[in-house]
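Peer 1: Quick one: the structure is below, and I'll ask about it shortly.
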Amino acid sequence: MRFLDRLLPHKTKLQRNLKERYGELFGAEFDVLLYDLTTSYVEGQVEENPLMQYGYSRDHRSDSKQVVLALVVNPEGFPLSYETFDGDRTDVTTLEAVMRMVERKYGRPRRVWVFDRGIVSEENLASLRKRRGQYWVGTPRSKLKTLERNHSALSPAQALALLATLQSADIVLPTTDGRELRLRRITAPSPEQDELLALLKLHLPEHLDLDSECSVNSAAR
């Protein structure tokens, strides 16, 4: 434990090095990041550790103090980064801090974040859009209930299946200098999808931003 305490100041450098080496050895990609949280409880009062607090326990041990552990991995399960929070920290309040932590270590390229409905809020989704990030998230139960109360004949499962058919596609246009112009567009929703989006008060942008719309077309050279 004392040895781990001595490693803590070098946490960022170690994580960067491991990520680079893993990527070089196995060709790993980090465009898609999966984010989730768990808790770890302890026996006793642990009065010297301010992180240990009573909170929602995933171990069903509400009688014990705990710490919240946040983990970010790529689709292969490689741990890109982690963070610890107070035991009474709610899931939805952790995303902004974690995104800043990842950006500080690895920059802010285009990423797709994946997380469950416990982390979803309008503020979090707005922050992701402001960063030009994309996301794949669980639909909050409140919006699923909205589907049941509105005038749509669709069940929540049918509504999700209908929205799942929306797609994005890249339009590639060659240029005279051997490069290509790449535009990412969203397919036009059907009338049924338009009606459902309106009921959910959701708006689809006409296109998605790319980090670099121009890339070298090696095949043209």
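Residues are named by chain letter and number: chains run A, B, ... in the order of the structure tokens, numbers start at 1 in each chain, and ligands are numbered from 1 in the order shown.
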Env of range 160-172 of chain A: 6 Å cut, atoms = only C-alpha atoms, seq-sep filter 3 positions within chain, self excluded. Answer as a ChimeraX atom specification.

Peer 2: /A:157,181-187

Peer 1: Could you write those residues out with C-alpha atoms, as a compact mmCIF listing (two decimals), in the first residue's frame?

Peer 2:
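part14.txt, freshly written:
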# COMPACT_ATOMS: atom_id res chain seq x y z
CA ALA A 157 -39.18 -0.87 -27.40
CA LEU A 181 -13.21 16.47 -48.83
CA ARG A 182 -15.09 14.35 -46.31
CA LEU A 183 -18.50 15.43 -44.99
CA ARG A 184 -20.47 13.45 -42.43
CA ARG A 185 -24.20 13.70 -43.00
CA ILE A 186 -27.18 12.24 -41.15
CA THR A 187 -29.79 10.39 -43.16

Peer 1: Select from range 38-82 of chain A every residue with an atom at most 12 Å from any atom of range 22-25 of chain A, then for each give the shortest pair of atoms and their distance in Å to one decimal, using only C-alpha atoms, rows by chain and rising number, as JSON lines.

Peer 2:
{"residue": "A:Asn74", "atom": "CA", "partner": "A:Gly23", "partner_atom": "CA", "distance": 11.0}
{"residue": "A:Glu76", "atom": "CA", "partner": "A:Tyr22", "partner_atom": "CA", "distance": 11.2}
{"residue": "A:Gly77", "atom": "CA", "partner": "A:Tyr22", "partner_atom": "CA", "distance": 11.8}
{"residue": "A:Phe78", "atom": "CA", "partner": "A:Tyr22", "partner_atom": "CA", "distance": 8.6}
{"residue": "A:Pro79", "atom": "CA", "partner": "A:Tyr22", "partner_atom": "CA", "distance": 10.5}
{"residue": "A:Leu80", "atom": "CA", "partner": "A:Tyr22", "partner_atom": "CA", "distance": 10.2}

Peer 1: What parts of range 54-187 of chain A does DSSP call alpha helix (DSSP H)? I'd like the answer as a PyMOL selection string.

Peer 2: chain A and resi 95-106+122-130+141-149+156-163

Peer 1: Mind writing the picked residues with N, CA and C atoms as a JSON list (two decimals), in the first residue's frame?

Peer 2:
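Below you can see selection-v1.json, which holds the result:
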[["chain", "number", "residue", "atom", "x", "y", "z"],
["A", 95, "LEU", "N", -19.37, 12.84, -14.79],
["A", 95, "LEU", "CA", -18.93, 12.79, -16.19],
["A", 95, "LEU", "C", -18.05, 13.97, -16.57],
["A", 96, "GLU", "N", -18.45, 15.18, -16.19],
["A", 96, "GLU", "CA", -17.68, 16.36, -16.57],
["A", 96, "GLU", "C", -16.25, 16.27, -16.05],
["A", 97, "ALA", "N", -16.08, 15.84, -14.80],
["A", 97, "ALA", "CA", -14.75, 15.72, -14.23],
["A", 97, "ALA", "C", -13.92, 14.66, -14.97],
["A", 98, "VAL", "N", -14.55, 13.55, -15.32],
["A", 98, "VAL", "CA", -13.84, 12.48, -16.02],
["A", 98, "VAL", "C", -13.45, 12.91, -17.42],
["A", 99, "MET", "N", -14.33, 13.60, -18.13],
["A", 99, "MET", "CA", -13.99, 14.08, -19.47],
["A", 99, "MET", "C", -12.82, 15.05, -19.42],
["A", 100, "ARG", "N", -12.81, 15.93, -18.45],
["A", 100, "ARG", "CA", -11.69, 16.86, -18.32],
["A", 100, "ARG", "C", -10.39, 16.11, -18.02],
["A", 101, "MET", "N", -10.48, 15.09, -17.20],
["A", 101, "MET", "CA", -9.31, 14.29, -16.86],
["A", 101, "MET", "C", -8.75, 13.60, -18.11],
["A", 102, "VAL", "N", -9.63, 13.02, -18.92],
["A", 102, "VAL", "CA", -9.19, 12.34, -20.14],
["A", 102, "VAL", "C", -8.59, 13.34, -21.13],
["A", 103, "GLU", "N", -9.21, 14.51, -21.26],
["A", 103, "GLU", "CA", -8.68, 15.54, -22.17],
["A", 103, "GLU", "C", -7.32, 16.04, -21.71],
["A", 104, "ARG", "N", -7.14, 16.17, -20.41],
["A", 104, "ARG", "CA", -5.86, 16.64, -19.89],
["A", 104, "ARG", "C", -4.74, 15.65, -20.19],
["A", 105, "LYS", "N", -5.06, 14.38, -20.16],
["A", 105, "LYS", "CA", -4.04, 13.35, -20.39],
["A", 105, "LYS", "C", -3.80, 13.07, -21.86],
["A", 106, "TYR", "N", -4.89, 13.08, -22.66],
["A", 106, "TYR", "CA", -4.79, 12.58, -24.03],
["A", 106, "TYR", "C", -5.27, 13.56, -25.09],
["A", 122, "GLU", "N", -29.36, 16.30, -19.30],
["A", 122, "GLU", "CA", -29.31, 17.27, -20.38],
["A", 122, "GLU", "C", -28.00, 18.06, -20.33],
["A", 123, "GLU", "N", -27.52, 18.36, -19.11],
["A", 123, "GLU", "CA", -26.28, 19.10, -18.96],
["A", 123, "GLU", "C", -25.09, 18.29, -19.49],
["A", 124, "ASN", "N", -25.06, 16.99, -19.17],
["A", 124, "ASN", "CA", -23.96, 16.15, -19.65],
["A", 124, "ASN", "C", -23.97, 16.01, -21.16],
["A", 125, "LEU", "N", -25.14, 15.82, -21.74],
["A", 125, "LEU", "CA", -25.22, 15.68, -23.19],
["A", 125, "LEU", "C", -24.86, 16.99, -23.89],
["A", 126, "ALA", "N", -25.27, 18.11, -23.30],
["A", 126, "ALA", "CA", -24.90, 19.42, -23.87],
["A", 126, "ALA", "C", -23.39, 19.63, -23.81],
["A", 127, "SER", "N", -22.77, 19.18, -22.73],
["A", 127, "SER", "CA", -21.32, 19.31, -22.60],
["A", 127, "SER", "C", -20.60, 18.46, -23.64],
["A", 128, "LEU", "N", -21.12, 17.27, -23.92],
["A", 128, "LEU", "CA", -20.53, 16.42, -24.94],
["A", 128, "LEU", "C", -20.65, 17.07, -26.32],
["A", 129, "ARG", "N", -21.82, 17.61, -26.61],
["A", 129, "ARG", "CA", -22.01, 18.26, -27.91],
["A", 129, "ARG", "C", -21.10, 19.48, -28.06],
["A", 130, "LYS", "N", -20.91, 20.22, -26.97],
["A", 130, "LYS", "CA", -20.03, 21.39, -27.00],
["A", 130, "LYS", "C", -18.60, 20.98, -27.32],
["A", 141, "ARG", "N", -35.37, 6.57, -18.03],
["A", 141, "ARG", "CA", -36.71, 5.99, -17.85],
["A", 141, "ARG", "C", -37.80, 7.05, -17.96],
["A", 142, "SER", "N", -37.49, 8.29, -17.58],
["A", 142, "SER", "CA", -38.50, 9.35, -17.67],
["A", 142, "SER", "C", -38.94, 9.56, -19.11],
["A", 143, "LYS", "N", -38.00, 9.46, -20.06],
["A", 143, "LYS", "CA", -38.37, 9.64, -21.46],
["A", 143, "LYS", "C", -39.11, 8.42, -21.99],
["A", 144, "LEU", "N", -38.76, 7.23, -21.48],
["A", 144, "LEU", "CA", -39.50, 6.05, -21.87],
["A", 144, "LEU", "C", -40.95, 6.15, -21.40],
["A", 145, "LYS", "N", -41.15, 6.69, -20.20],
["A", 145, "LYS", "CA", -42.51, 6.87, -19.70],
["A", 145, "LYS", "C", -43.26, 7.91, -20.52],
["A", 146, "THR", "N", -42.52, 8.91, -21.03],
["A", 146, "THR", "CA", -43.16, 9.91, -21.88],
["A", 146, "THR", "C", -43.76, 9.27, -23.11],
["A", 147, "LEU", "N", -43.05, 8.29, -23.66],
["A", 147, "LEU", "CA", -43.56, 7.59, -24.83],
["A", 147, "LEU", "C", -44.87, 6.88, -24.52],
["A", 148, "GLU", "N", -44.96, 6.38, -23.29],
["A", 148, "GLU", "CA", -46.17, 5.66, -22.91],
["A", 148, "GLU", "C", -47.35, 6.62, -22.72],
["A", 149, "ARG", "N", -47.05, 7.91, -22.32],
["A", 149, "ARG", "CA", -48.13, 8.86, -22.04],
["A", 149, "ARG", "C", -48.57, 9.63, -23.29],
["A", 156, "PRO", "N", -42.31, 1.62, -25.94],
["A", 156, "PRO", "CA", -40.93, 2.11, -25.81],
["A", 156, "PRO", "C", -39.94, 1.30, -26.63],
["A", 157, "ALA", "N", -40.10, -0.02, -26.63],
["A", 157, "ALA", "CA", -39.18, -0.87, -27.40],
["A", 157, "ALA", "C", -39.30, -0.60, -28.90],
["A", 158, "GLN", "N", -40.54, -0.41, -29.37],
["A", 158, "GLN", "CA", -40.75, -0.12, -30.79],
["A", 158, "GLN", "C", -40.19, 1.25, -31.16],
["A", 159, "ALA", "N", -40.34, 2.21, -30.26],
["A", 159, "ALA", "CA", -39.81, 3.55, -30.53],
["A", 159, "ALA", "C", -38.29, 3.52, -30.63],
["A", 160, "LEU", "N", -37.64, 2.81, -29.71],
["A", 160, "LEU", "CA", -36.19, 2.71, -29.77],
["A", 160, "LEU", "C", -35.73, 2.01, -31.04],
["A", 161, "ALA", "N", -36.46, 0.97, -31.44],
["A", 161, "ALA", "CA", -36.12, 0.26, -32.68],
["A", 161, "ALA", "C", -36.26, 1.18, -33.89],
["A", 162, "LEU", "N", -37.28, 2.05, -33.87],
["A", 162, "LEU", "CA", -37.48, 2.98, -34.98],
["A", 162, "LEU", "C", -36.35, 4.00, -35.05],
["A", 163, "LEU", "N", -35.94, 4.53, -33.92],
["A", 163, "LEU", "CA", -34.85, 5.51, -33.90],
["A", 163, "LEU", "C", -33.51, 4.87, -34.23]]

Peer 1: Counting only C-alpha atoms, which of A:Val137, A:Val32, A:Ala188, A:Leu37 gets nearest to Pro205 in chain A?

Peer 2: A:Ala188

Peer 1: Of the candidates A:Glu20, A:Asp177, A:Glu83, A:Asp91, which shows the shortest atom-to-atom distance to Leu8 in chain A, using only C-alpha atoms?

Peer 2: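 Under the stated criterion, the closest residue is A:Glu83.
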
Peer 1: Hey, can you check how far CA of Gln15 in chain A sits from CA of Arg89 in chain A?

Peer 2: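 Computed distance, CA of Gln15 in chain A to CA of Arg89 in chain A, equals 24.2 Å.
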
Peer 1: Just the residues within 9 Å of range 52-69 of chain A, please, counting only C-alpha atoms, with nothing from its chain fewer than 6 positions along; format it as a PyMOL selection string.

Peer 2: chain A and resi 36-46+82-91

Peer 1: Write out as a ChimeraX atom specification the set of residues from range 19-173 of chain A that DSSP, computed on the backbone, places in strand (DSSP E).

Peer 2: /A:32-41,66-73,79-86,112-115,134-137,168-173

Peer 1: Write a file of the just-selected residues containing N, CA and C atoms, as a tab-separated table (two decimals), in the first residue's frame.

Peer 2:
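Printed below is result_24.tsv as written:
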chain	number	residue	atom	x	y	z
A	32	VAL	N	-13.62	5.13	-29.32
A	32	VAL	CA	-14.82	4.79	-28.56
A	32	VAL	C	-14.41	4.49	-27.12
A	33	LEU	N	-15.03	5.19	-26.19
A	33	LEU	CA	-14.70	5.02	-24.77
A	33	LEU	C	-15.94	4.60	-23.99
A	34	LEU	N	-15.81	3.54	-23.21
A	34	LEU	CA	-16.89	3.05	-22.37
A	34	LEU	C	-16.63	3.52	-20.94
A	35	TYR	N	-17.66	4.12	-20.34
A	35	TYR	CA	-17.51	4.72	-19.02
A	35	TYR	C	-18.55	4.14	-18.06
A	36	ASP	N	-18.07	3.75	-16.88
A	36	ASP	CA	-18.98	3.22	-15.87
A	36	ASP	C	-18.38	3.44	-14.49
A	37	LEU	N	-19.20	3.23	-13.47
A	37	LEU	CA	-18.77	3.42	-12.09
A	37	LEU	C	-19.14	2.22	-11.23
A	38	THR	N	-18.41	2.05	-10.16
A	38	THR	CA	-18.76	1.05	-9.16
A	38	THR	C	-18.38	1.61	-7.79
A	39	THR	N	-18.64	0.84	-6.76
A	39	THR	CA	-18.29	1.27	-5.41
A	39	THR	C	-17.52	0.17	-4.70
A	40	SER	N	-16.74	0.56	-3.72
A	40	SER	CA	-16.01	-0.40	-2.88
A	40	SER	C	-16.16	0.04	-1.43
A	41	TYR	N	-16.71	-0.84	-0.60
A	41	TYR	CA	-16.97	-0.47	0.79
A	41	TYR	C	-15.87	-1.01	1.71
A	66	GLN	N	-18.00	3.96	1.88
A	66	GLN	CA	-17.52	3.45	0.60
A	66	GLN	C	-16.82	4.56	-0.18
A	67	VAL	N	-16.18	4.17	-1.29
A	67	VAL	CA	-15.60	5.10	-2.25
A	67	VAL	C	-16.17	4.76	-3.62
A	68	VAL	N	-16.38	5.77	-4.46
A	68	VAL	CA	-16.88	5.56	-5.82
A	68	VAL	C	-15.69	5.48	-6.77
A	69	LEU	N	-15.66	4.45	-7.60
A	69	LEU	CA	-14.58	4.24	-8.55
A	69	LEU	C	-15.12	4.42	-9.97
A	70	ALA	N	-14.49	5.30	-10.74
A	70	ALA	CA	-14.88	5.55	-12.13
A	70	ALA	C	-13.81	4.99	-13.05
A	71	LEU	N	-14.24	4.30	-14.11
A	71	LEU	CA	-13.29	3.65	-15.01
A	71	LEU	C	-13.67	3.94	-16.46
A	72	VAL	N	-12.66	4.26	-17.27
A	72	VAL	CA	-12.83	4.49	-18.70
A	72	VAL	C	-12.00	3.44	-19.45
A	73	VAL	N	-12.65	2.66	-20.31
A	73	VAL	CA	-11.95	1.62	-21.07
A	73	VAL	C	-12.29	1.77	-22.55
A	79	PRO	N	-7.93	-0.39	-19.79
A	79	PRO	CA	-8.28	0.75	-18.92
A	79	PRO	C	-7.49	1.99	-19.30
A	80	LEU	N	-8.17	2.93	-19.93
A	80	LEU	CA	-7.51	4.16	-20.36
A	80	LEU	C	-7.27	5.11	-19.20
A	81	SER	N	-8.20	5.16	-18.26
A	81	SER	CA	-8.05	6.06	-17.13
A	81	SER	C	-9.04	5.68	-16.03
A	82	TYR	N	-8.75	6.13	-14.82
A	82	TYR	CA	-9.66	5.88	-13.70
A	82	TYR	C	-9.63	7.08	-12.77
A	83	GLU	N	-10.63	7.16	-11.94
A	83	GLU	CA	-10.70	8.24	-10.94
A	83	GLU	C	-11.48	7.74	-9.73
A	84	THR	N	-11.21	8.36	-8.60
A	84	THR	CA	-11.94	8.03	-7.38
A	84	THR	C	-12.73	9.26	-6.93
A	85	PHE	N	-13.94	9.01	-6.41
A	85	PHE	CA	-14.80	10.09	-5.92
A	85	PHE	C	-15.30	9.75	-4.52
A	86	ASP	N	-15.79	10.78	-3.86
A	86	ASP	CA	-16.39	10.58	-2.54
A	86	ASP	C	-17.49	9.52	-2.63
A	112	VAL	N	-16.33	8.89	-29.17
A	112	VAL	CA	-17.69	8.43	-28.93
A	112	VAL	C	-17.73	7.88	-27.51
A	113	TRP	N	-18.55	8.48	-26.66
A	113	TRP	CA	-18.68	8.04	-25.27
A	113	TRP	C	-19.90	7.13	-25.15
A	114	VAL	N	-19.73	6.05	-24.41
A	114	VAL	CA	-20.80	5.08	-24.18
A	114	VAL	C	-20.98	4.94	-22.67
A	115	PHE	N	-22.21	5.18	-22.19
A	115	PHE	CA	-22.48	5.00	-20.77
A	115	PHE	C	-23.97	4.77	-20.56
A	134	GLN	N	-19.46	12.63	-29.67
A	134	GLN	CA	-20.65	11.84	-29.95
A	134	GLN	C	-20.89	10.90	-28.77
A	135	TYR	N	-22.08	10.33	-28.70
A	135	TYR	CA	-22.39	9.48	-27.55
A	135	TYR	C	-23.43	8.44	-27.93
A	136	TRP	N	-23.37	7.33	-27.18
A	136	TRP	CA	-24.34	6.25	-27.28
A	136	TRP	C	-24.74	5.94	-25.85
A	137	VAL	N	-25.94	6.32	-25.47
A	137	VAL	CA	-26.33	6.27	-24.06
A	137	VAL	C	-27.65	5.56	-23.89
A	168	SER	N	-25.64	7.72	-39.95
A	168	SER	CA	-24.80	8.78	-40.50
A	168	SER	C	-23.94	8.17	-41.60
A	169	ALA	N	-23.60	8.97	-42.59
A	169	ALA	CA	-22.79	8.49	-43.71
A	169	ALA	C	-21.80	9.56	-44.11
A	170	ASP	N	-20.65	9.14	-44.63
A	170	ASP	CA	-19.62	10.07	-45.09
A	170	ASP	C	-19.76	10.29	-46.60
A	171	ILE	N	-19.78	11.55	-46.99
A	171	ILE	CA	-19.76	11.92	-48.41
A	171	ILE	C	-18.33	12.34	-48.73
A	172	VAL	N	-17.69	11.64	-49.68
A	172	VAL	CA	-16.29	11.90	-50.01
A	172	VAL	C	-16.22	12.52	-51.40
A	173	LEU	N	-15.61	13.72	-51.48
A	173	LEU	CA	-15.49	14.44	-52.75
A	173	LEU	C	-14.02	14.65	-53.05

Peer 1: Suppose you want the space between CA of Asp116 in chain A and CA of Val92 in chain A; what is it in Å?

Peer 2: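 CA of Val92 in chain A lies at a distance of 10.1 Å from CA of Asp116 in chain A.
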